[in-house]
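Colleague: There's a structure below that I have some questions on.
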Amino acid sequence: MPGKIRKRSPLKRPERPYIALGLEGSANKFGAGIIRHDPDGAMTVLSNVRHTYITPPGEGFLPRDTAQHHREWSLTVINDALKKANVSLHEVDCICFTKGPGMGAPLASVALVARTLSLLYNKPLVGVNHCVGHIEMGRQITGAHNPVVLYVSGGNTQVIAYSQQRYRIFGETLDIAVGNCLDRFARVINLSNDPSPGYNIEQEAKKGTRLLPLPYTIKGMDVSMSGILSSTEAYTTDKRFRPNGPRDAEDTDIFTPQDLCFSLQETVYAMLVEITERAMAHIGSKEVLIVGGVGCNERLQEMMGVMAGERGGQVFATDERFCIDNGIMIAQAGLLSYRMGNQTPLAKSTCTQRFRTDEVHVAWRA
């Protein structure tokens with residue numbers, strides 16, 4: 001029986017080094033990253049700088065205030081990125097920006113900065129899908145070949161696999177994203193937003209010892225998070241809840257905020273592991289790549305690792321430099337697209353809050 005014919009990548013090696021500036025600001029982080037693609041096929045991160053808009057405990061971030069943060073910090077962050085990369089904007093081949101999905105006002109602020117730089121320095125623009133940016137940076141950093149991708153963040157929850165120059169969505173949330181679920185519960189129990197509510201939920205969960213029953217809501221390949229959030233919030237009004245914890249060992253009926261964080265994490269992550277395993281079985285893959293801000297969570301990585309190990313596979317994940325929203329992932333995906341001849345005309349350099357992962361033609365993959 002003849003072996004499989006491996007298709008050659010349509011992306012040709014560059015004849016010279018290519019440099020891209022990537023700008024990200026779809027949520028509460030403004031990031032600027034500079035990347036270089038070399039003729040030998042190597043990719044070099046020259047700089048990756050970001051600044052986060054942090055609100056007081058118990059508060060989220062409003063689009064208008066977040067956009068103002070991005071406008072105030074854009075020049076500082078971009079200049080810092082250029083300085084660390086030791087390049088000037090004259091040396092950059094293209095300026096890449098997040099076209100969507102994300103929050104409208106912050107996206108518009110970043111697109112405005114990108115257009116201004118494009119006009120000032122006569123550089124082509126490349127609009128990038130935020131989700132594809134996460135995937136391409138994850139693939140580059142980890143070396144994962146053809147994984148099932150679990151994309152988990154504050155605004156997105158998707159199980160994805162590549163086929164015929166598209167990142168196909170196998171399953172997703174039917175309501176709110178897993179990161180949004182965690183962030184909103186962090187506000188309920190008044191956790192700090194510094195460095196992020198999800199990180200602080202993770203730290204509190206490590207102190208939890210009691211697993212409380214919560215809805216486990218999987219519908220086909222999709223998940224639902226809103227009912228789990230409501231049920232977890234309801235526990236905080238129960239007479240057995242001790243908001244200041246901890247409880248005594250003999251108080252088996254009492255539960256604490258740490259127990260609720262632990263229960264919430266265990267339940268939602270178990271759901272994500274289940275639908276990811278189904279996708280692996282469907283496409284015959286033994287690789288899982290976790291991307292997005294929630295992908296930094298060590299417990300999620302651990303649970304996914306157990307599942308993948310039982311299937312003879314492995315998990316790929318990145319650290320907070322590349323998991324959390326950043327400019328370098330936009331530069332990476334944008335430069336791949338630019339090298340395939342794609343540019344975004346100024347008249348079409350708008351942004352959109354809804355831009356699905358499977359809408360993007362992934363021209364640079366076979």
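Identifiers in this document derive from the order of the structure tokens: chains are assigned A, B, ..., residues are numbered from 1 separately in each chain, and ligands are numbered from 1 in order of occurrence.
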Do you know which residues are at most 9 Å from Ile135 (chain A) counting only C-alpha atoms, after dropping those on the same chain fewer than 5 positions away, and could you put them as a list in words?
Modeller: His130, Gln140, Val149, Tyr151, Leu289, Ile290, Val291, Gly292, Met329 and Ala333 of chain A
Colleague: Counting only C-alpha atoms, what is within 7 Å of region 108-110 of chain A, bar same-chain residues fewer than 6 positions away, as a list in words?
Modeller: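 The residues that qualify are Leu23, Glu24, Gly25, Ala67, His70, Arg71 and Cys351 of chain A.
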Colleague: List the neighbours of Glu172 (chain A) out to 6 Å using only C-alpha atoms; skip same-chain residues closer than 3 positions along the sequence, and give me the result as a PDB file with all heavy atoms, in the first residue's frame.
Modeller:
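Just written: around-v6.pdb:
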```
ATOM      1  N   THR A 157     -14.830  30.414  23.349  1.00  0.00           N
ATOM      2  CA  THR A 157     -14.612  29.027  23.760  1.00  0.00           C
ATOM      3  C   THR A 157     -14.943  28.158  22.553  1.00  0.00           C
ATOM      4  O   THR A 157     -16.111  28.042  22.168  1.00  0.00           O
ATOM      5  CB  THR A 157     -15.502  28.643  24.956  1.00  0.00           C
ATOM      6  OG1 THR A 157     -15.183  29.478  26.070  1.00  0.00           O
ATOM      7  CG2 THR A 157     -15.283  27.182  25.352  1.00  0.00           C
ATOM      8  N   GLN A 158     -13.913  27.584  21.941  1.00  0.00           N
ATOM      9  CA  GLN A 158     -14.097  26.804  20.718  1.00  0.00           C
ATOM     10  C   GLN A 158     -13.159  25.607  20.686  1.00  0.00           C
ATOM     11  O   GLN A 158     -12.023  25.685  21.153  1.00  0.00           O
ATOM     12  CB  GLN A 158     -13.810  27.678  19.476  1.00  0.00           C
ATOM     13  CG  GLN A 158     -14.744  28.865  19.295  1.00  0.00           C
ATOM     14  CD  GLN A 158     -14.341  29.753  18.117  1.00  0.00           C
ATOM     15  OE1 GLN A 158     -13.223  29.666  17.610  1.00  0.00           O
ATOM     16  NE2 GLN A 158     -15.247  30.602  17.688  1.00  0.00           N
ATOM     17  N   ASP A 222     -21.194  21.056  21.843  1.00  0.00           N
ATOM     18  CA  ASP A 222     -21.201  22.403  22.398  1.00  0.00           C
ATOM     19  C   ASP A 222     -21.367  22.383  23.917  1.00  0.00           C
ATOM     20  O   ASP A 222     -21.809  21.389  24.500  1.00  0.00           O
ATOM     21  CB  ASP A 222     -22.335  23.224  21.766  1.00  0.00           C
ATOM     22  CG  ASP A 222     -22.176  23.394  20.265  1.00  0.00           C
ATOM     23  OD1 ASP A 222     -21.022  23.497  19.813  1.00  0.00           O
ATOM     24  OD2 ASP A 222     -23.196  23.423  19.554  1.00  0.00           O
TER      25      ASP A 222
END
```
Colleague: Report the residues of region 188-320 of chain A whose backbone DSSP state falls under strand (DSSP E), written as a ChimeraX atom specification.
Modeller: /A:218-219,222-223,287-291,314-317
Colleague: Would you write out those residues with N, CA and C atoms, as a CSV table (one decimal), in the first residue's frame?
Modeller:
```
chain,number,residue,atom,x,y,z
A,218,ILE,N,-23.4,19.8,28.5
A,218,ILE,CA,-22.8,19.5,27.2
A,218,ILE,C,-24.0,19.2,26.3
A,219,LYS,N,-24.1,19.8,25.1
A,219,LYS,CA,-25.1,19.6,24.2
A,219,LYS,C,-24.5,19.2,22.8
A,222,ASP,N,-21.2,21.1,21.8
A,222,ASP,CA,-21.2,22.4,22.4
A,222,ASP,C,-21.4,22.4,23.9
A,223,VAL,N,-21.0,23.5,24.5
A,223,VAL,CA,-21.1,23.6,26.0
A,223,VAL,C,-21.9,24.9,26.3
A,287,GLU,N,-2.8,15.0,19.3
A,287,GLU,CA,-2.2,16.3,19.8
A,287,GLU,C,-3.4,17.3,20.2
A,288,VAL,N,-3.2,17.9,21.3
A,288,VAL,CA,-4.1,19.0,21.7
A,288,VAL,C,-3.2,20.2,21.9
A,289,LEU,N,-3.7,21.3,21.3
A,289,LEU,CA,-3.0,22.6,21.5
A,289,LEU,C,-4.0,23.5,22.2
A,290,ILE,N,-3.6,24.0,23.4
A,290,ILE,CA,-4.5,24.9,24.2
A,290,ILE,C,-4.0,26.4,24.0
A,291,VAL,N,-4.9,27.2,23.5
A,291,VAL,CA,-4.5,28.6,23.3
A,291,VAL,C,-5.6,29.5,24.0
A,314,GLN,N,-0.4,13.9,23.5
A,314,GLN,CA,0.2,14.9,24.3
A,314,GLN,C,-0.5,16.3,24.1
A,315,VAL,N,-0.2,17.1,25.1
A,315,VAL,CA,-0.8,18.4,25.2
A,315,VAL,C,0.3,19.5,24.9
A,316,PHE,N,0.0,20.5,24.1
A,316,PHE,CA,0.9,21.6,23.8
A,316,PHE,C,0.2,22.8,24.4
A,317,ALA,N,1.0,23.6,25.1
A,317,ALA,CA,0.5,24.9,25.6
A,317,ALA,C,1.7,25.9,25.7
```
Colleague: Could you give me, as a ChimeraX atom specification, each residue of region 134-245 of chain A that DSSP assigns to alpha helix (DSSP H) when run on this structure's backbone?
Modeller: /A:134-142,178-188,197-205,226-235
Colleague: Select, from A:Thr98, A:Thr55, A:Asn326, A:Asn180, the residue with the minimum atom-to-atom distance to Leu112 (chain A), counting only C-alpha atoms.
Modeller: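 Going through A:Thr98, A:Thr55, A:Asn326, A:Asn180 one by one, the smallest distance to Leu112 (chain A) is for A:Thr98.
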Colleague: When you count only C-alpha atoms, which of these residues is closest to Ile328 (chain A): A:Glu136, A:Glu310, A:Asp93, A:Asp80?
Modeller: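 Checking each candidate against Ile328 (chain A), we get A:Glu136 as the closest.
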Colleague: Pick out the residues sitting within 10 Å of region 241-245 of chain A, and hand them over as a PyMOL selection string; count only C-alpha atoms, and ignore anything fewer than 4 positions along from it in its own chain.
Modeller: chain A and resi 189+235-237+253-260
Colleague: Please report the interatomic distance between CA of Ile19 (chain A) and CA of Glu320 (chain A) in Å with one decimal.
Modeller: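 CA of Glu320 (chain A) lies 23.2 Å from CA of Ile19 (chain A).
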